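Colleague: Okay, so here is target.cif, and as you'll see once you scroll down, it has mmCIF, C-alpha atoms.
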```
data_input
loop_
_atom_site.group_PDB
_atom_site.id
_atom_site.type_symbol
_atom_site.label_atom_id
_atom_site.label_comp_id
_atom_site.auth_asym_id
_atom_site.auth_seq_id
_atom_site.Cartn_x
_atom_site.Cartn_y
_atom_site.Cartn_z
ATOM 1 C CA MET A 1 72.894 -81.927 -340.799
ATOM 2 C CA ARG A 2 73.079 -83.473 -337.352
ATOM 3 C CA SER A 3 71.996 -81.469 -334.333
ATOM 4 C CA ARG A 4 73.997 -81.794 -331.123
ATOM 5 C CA LEU A 5 73.160 -80.551 -327.671
ATOM 6 C CA LYS A 6 75.437 -77.827 -326.429
ATOM 7 C CA TRP A 7 76.440 -76.949 -322.874
ATOM 8 C CA GLY A 8 73.759 -74.230 -322.650
ATOM 9 C CA ASP A 9 71.058 -76.744 -323.621
ATOM 10 C CA PHE A 10 71.947 -78.904 -320.638
ATOM 11 C CA VAL A 11 71.797 -75.883 -318.339
ATOM 12 C CA ILE A 12 68.294 -75.003 -319.572
ATOM 13 C CA ILE A 13 67.107 -78.610 -319.181
ATOM 14 C CA ALA A 14 68.545 -78.774 -315.645
ATOM 15 C CA VAL A 15 66.878 -75.495 -314.622
ATOM 16 C CA VAL A 16 63.492 -76.642 -315.956
ATOM 17 C CA LEU A 17 63.783 -80.003 -314.164
ATOM 18 C CA LEU A 18 64.774 -78.309 -310.890
ATOM 19 C CA LEU A 19 61.809 -75.918 -311.113
ATOM 20 C CA ALA A 20 59.444 -78.808 -311.831
ATOM 21 C CA ALA A 21 60.809 -80.781 -308.869
ATOM 22 C CA ALA A 22 60.554 -77.764 -306.556
ATOM 23 C CA LEU A 23 56.941 -77.087 -307.541
ATOM 24 C CA THR A 24 56.015 -80.743 -307.135
ATOM 25 C CA ALA A 25 57.593 -80.869 -303.672
ATOM 26 C CA TRP A 26 55.904 -77.618 -302.644
ATOM 27 C CA PHE A 27 52.452 -78.881 -303.624
ATOM 28 C CA ALA A 28 52.982 -82.396 -302.277
ATOM 29 C CA LEU A 29 54.506 -81.426 -298.944
ATOM 30 C CA GLY A 30 52.628 -78.192 -298.365
ATOM 31 C CA THR A 31 50.407 -78.218 -295.303
ATOM 32 C CA THR A 32 47.608 -75.962 -294.251
ATOM 33 C CA ASP A 33 48.477 -74.044 -291.096
ATOM 34 C CA GLY A 34 44.869 -72.990 -290.497
ATOM 35 C CA GLN A 35 41.915 -74.985 -289.283
ATOM 36 C CA LEU A 36 40.289 -77.501 -291.620
ATOM 37 C CA TYR A 37 36.567 -78.206 -291.966
ATOM 38 C CA ALA A 38 34.717 -81.000 -293.733
ATOM 39 C CA GLU A 39 31.593 -79.840 -295.533
ATOM 40 C CA VAL A 40 28.905 -82.275 -296.639
ATOM 41 C CA TRP A 41 26.512 -81.015 -299.311
ATOM 42 C CA GLN A 42 23.451 -82.837 -300.633
ATOM 43 C CA ASP A 43 21.119 -81.414 -303.292
ATOM 44 C CA ASP A 44 22.945 -78.048 -303.095
ATOM 45 C CA VAL A 45 22.181 -77.768 -299.369
ATOM 46 C CA LEU A 46 24.896 -77.735 -296.702
ATOM 47 C CA VAL A 47 24.028 -80.740 -294.549
ATOM 48 C CA GLU A 48 26.893 -80.483 -292.093
ATOM 49 C CA ARG A 49 30.142 -78.634 -291.459
ATOM 50 C CA VAL A 50 32.511 -80.367 -289.062
ATOM 51 C CA LYS A 51 35.728 -78.946 -287.627
ATOM 52 C CA LEU A 52 38.534 -81.443 -288.232
ATOM 53 C CA THR A 53 40.899 -81.950 -285.309
ATOM 54 C CA ASP A 54 43.165 -84.804 -284.259
ATOM 55 C CA GLU A 55 40.320 -86.076 -282.035
ATOM 56 C CA THR A 56 37.643 -86.072 -284.746
ATOM 57 C CA ASP A 57 35.932 -89.470 -285.001
ATOM 58 C CA ARG A 58 32.577 -89.242 -286.742
ATOM 59 C CA GLU A 59 30.413 -91.096 -289.222
ATOM 60 C CA ILE A 60 27.723 -89.337 -291.255
ATOM 61 C CA ASP A 61 25.006 -91.484 -292.860
ATOM 62 C CA LEU A 62 23.009 -89.772 -295.601
ATOM 63 C CA ASP A 63 19.757 -91.776 -295.685
ATOM 64 C CA GLY A 64 21.662 -94.973 -296.410
ATOM 65 C CA HIS A 65 22.852 -93.660 -299.776
ATOM 66 C CA ASN A 66 26.295 -92.450 -298.712
ATOM 67 C CA VAL A 67 28.357 -93.009 -295.578
ATOM 68 C CA ILE A 68 31.077 -90.455 -294.815
ATOM 69 C CA VAL A 69 33.809 -91.127 -292.259
ATOM 70 C CA LEU A 70 35.694 -88.298 -290.557
ATOM 71 C CA ALA A 71 38.791 -89.506 -288.715
ATOM 72 C CA GLY A 72 41.355 -87.077 -287.363
ATOM 73 C CA LYS A 73 42.062 -84.393 -289.933
ATOM 74 C CA THR A 74 40.847 -86.574 -292.811
ATOM 75 C CA ALA A 75 37.539 -87.302 -294.529
ATOM 76 C CA ARG A 76 36.433 -89.992 -296.976
ATOM 77 C CA MET A 77 33.381 -91.545 -298.554
ATOM 78 C CA GLU A 78 33.182 -94.941 -296.907
ATOM 79 C CA SER A 79 30.394 -96.318 -299.073
ATOM 80 C CA ALA A 80 27.770 -95.330 -301.611
ATOM 81 C CA ASP A 81 24.897 -97.149 -303.277
ATOM 82 C CA CYS A 82 25.692 -95.744 -306.737
ATOM 83 C CA HIS A 83 26.951 -98.125 -309.416
ATOM 84 C CA ASP A 84 30.186 -96.369 -310.424
ATOM 85 C CA GLN A 85 31.729 -95.850 -306.931
ATOM 86 C CA VAL A 86 33.845 -92.905 -308.140
ATOM 87 C CA CYS A 87 33.287 -91.054 -304.863
ATOM 88 C CA VAL A 88 34.508 -94.028 -302.815
ATOM 89 C CA ARG A 89 37.545 -94.555 -305.056
ATOM 90 C CA THR A 90 38.509 -90.883 -304.633
ATOM 91 C CA GLY A 91 40.120 -91.946 -301.371
ATOM 92 C CA THR A 92 40.980 -89.967 -298.273
ATOM 93 C CA LEU A 93 40.832 -86.178 -298.373
ATOM 94 C CA THR A 94 43.527 -84.503 -296.284
ATOM 95 C CA ARG A 95 44.046 -80.950 -297.588
ATOM 96 C CA ALA A 96 41.896 -77.902 -298.183
ATOM 97 C CA GLY A 97 40.459 -77.856 -301.675
ATOM 98 C CA GLN A 98 40.110 -81.609 -302.087
ATOM 99 C CA VAL A 99 36.656 -82.877 -303.084
ATOM 100 C CA ALA A 100 34.819 -86.199 -303.419
ATOM 101 C CA VAL A 101 31.621 -86.085 -305.461
ATOM 102 C CA CYS A 102 28.825 -88.646 -305.829
ATOM 103 C CA LEU A 103 26.883 -87.445 -308.873
ATOM 104 C CA PRO A 104 24.059 -90.040 -308.817
ATOM 105 C CA ASN A 105 23.190 -89.151 -305.202
ATOM 106 C CA ARG A 106 24.078 -85.447 -305.567
ATOM 107 C CA VAL A 107 26.486 -85.534 -302.603
ATOM 108 C CA ILE A 108 29.646 -83.444 -302.272
ATOM 109 C CA LEU A 109 32.274 -83.916 -299.582
ATOM 110 C CA LYS A 110 34.929 -81.230 -299.490
ATOM 111 C CA ILE A 111 37.698 -80.038 -297.223
ATOM 112 C CA VAL A 112 37.856 -76.288 -296.737
ATOM 113 C CA GLY A 113 40.292 -74.109 -294.842
ATOM 114 C CA GLU A 114 39.512 -71.572 -292.174
ATOM 115 C CA THR A 115 39.747 -68.709 -294.616
ATOM 116 C CA SER A 116 38.393 -69.442 -298.037
ATOM 117 C CA GLU A 117 39.323 -66.894 -300.681
ATOM 118 C CA ILE A 118 36.853 -66.896 -303.555
ATOM 119 C CA ASP A 119 37.979 -65.269 -306.769
ATOM 120 C CA ALA A 120 34.572 -65.160 -308.406
ATOM 121 C CA ILE A 121 31.123 -66.654 -308.324
ATOM 122 C CA VAL A 122 29.421 -67.373 -311.624
ATOM 123 C CA SER A 123 25.733 -68.130 -311.751
#
```
Hey, can you dump this file as structure tokens for me?
Modeller:
Amino acid sequence: MRSRLKWGDFVIIAVVLLLAAALTAWFALGTTDGQLYAEVWQDDVLVERVKLTDETDREIDLDGHNVIVLAGKTARMESADCHDQVCVRTGTLTRAGQVAVCLPNRVILKIVGETSEIDAIVS
């Protein structure tokens, strides 16, 4: 018995593909209307919180272990002395919720929005 696709099957496939494309475009093109901040954490301590504007041009050196560059409304780990370089390869952070983590040096760089809604805190 050979199975053939019917007209309704194509409609369902088209609807699913359109929904997937719409969600992808919404997440990819979505921008944050509020103010963005770059937070630098080291050893579970907030080292610095910098407001990101178009004029932001700053470099943060964490004892020579990590160098963080803030340029405009973006942030990135410029360099790190750890062997795996995962934090550097994370690339440029541009939207709220993005994070670059250097586990060997216990450094976290994250972009947060003006209003951060926390669902729960687990300790």
Colleague: Report as a PyMOL selection string the residues that result from applying the PyMOL selection byres ((chain A and resi 105-108) around 10) to the structure here.
Modeller: chain A and resi 39-47+62+65-66+77+80-82+87+99-104+109-110
Colleague: Go ahead and compute the interatomic distance for atom CA of A:Leu70 and atom CA of A:Asp57, in Å to one decimal.
Modeller: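 Between atom CA of A:Leu70 and atom CA of A:Asp57 the gap is 5.7 Å.
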Colleague: Take atom CA of A:Asp61 and atom CA of A:Ala38 and report the distance between them in Å, one decimal.
Modeller: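 Atom-to-atom, atom CA of A:Asp61 and atom CA of A:Ala38 are spaced 14.3 Å apart.
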Colleague: Rounded to one decimal, what separation in Å do you get between atom CA of A:Gly34 and atom CA of A:Gly113?
Modeller: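 So the two atoms, atom CA of A:Gly34 and atom CA of A:Gly113, lie 6.4 Å apart.
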Colleague: Choose the residue, out of A:Lys51, A:Thr94, A:Asp63, A:Asp84, that has the smallest atom-to-atom separation from A:Ala28; count only C-alpha atoms.
Modeller: A:Thr94
Colleague: I need the residue set behind the PyMOL selection byres ((chain A and resi 69) around 6) for this file; please write it as a list of chain:residue names.
Modeller: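 Applied to this file, the PyMOL selection byres ((chain A and resi 69) around 6) returns A:Arg58, A:Glu59, A:Ile68, A:Leu70, A:Ala75, A:Arg76.
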Colleague: Can you spit out the residues from that selection as a compact mmCIF listing (two decimals), in the coordinates of the input, using C-alpha atoms?
Modeller:
```txt
# COMPACT_ATOMS: atom_id res chain seq x y z
CA ARG A 58 32.58 -89.24 -286.74
CA GLU A 59 30.41 -91.10 -289.22
CA ILE A 68 31.08 -90.46 -294.82
CA LEU A 70 35.69 -88.30 -290.56
CA ALA A 75 37.54 -87.30 -294.53
CA ARG A 76 36.43 -89.99 -296.98
```
Colleague: Leaving out A:Asp54 and any residue of its chain fewer than 2 positions from it, which residues lie within 9 Å of it when counting all atoms listed in the file, given as a list of chain:residue names?
Modeller: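 Counting only the stated atoms, we get A:Leu52, A:Thr56, A:Asp57, A:Ala71, A:Gly72, A:Lys73.
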Colleague: Go ahead and save the picked residues with C-alpha atoms, as an mmCIF file, in the coordinates of the input.
Modeller:
```cif
data_model
loop_
_atom_site.group_PDB
_atom_site.id
_atom_site.type_symbol
_atom_site.label_atom_id
_atom_site.label_comp_id
_atom_site.auth_asym_id
_atom_site.auth_seq_id
_atom_site.Cartn_x
_atom_site.Cartn_y
_atom_site.Cartn_z
ATOM 1 C CA LEU A 52 38.534 -81.443 -288.232
ATOM 2 C CA THR A 56 37.643 -86.072 -284.746
ATOM 3 C CA ASP A 57 35.932 -89.470 -285.001
ATOM 4 C CA ALA A 71 38.791 -89.506 -288.715
ATOM 5 C CA GLY A 72 41.355 -87.077 -287.363
ATOM 6 C CA LYS A 73 42.062 -84.393 -289.933
#
```
Colleague: Which polymer residues have any atom within 8 Å of an atom of A:Val112, counting only C-alpha atoms, with same-chain residues fewer than 5 positions away left out, as a ChimeraX atom specification?
Modeller: /A:36-39,95-98
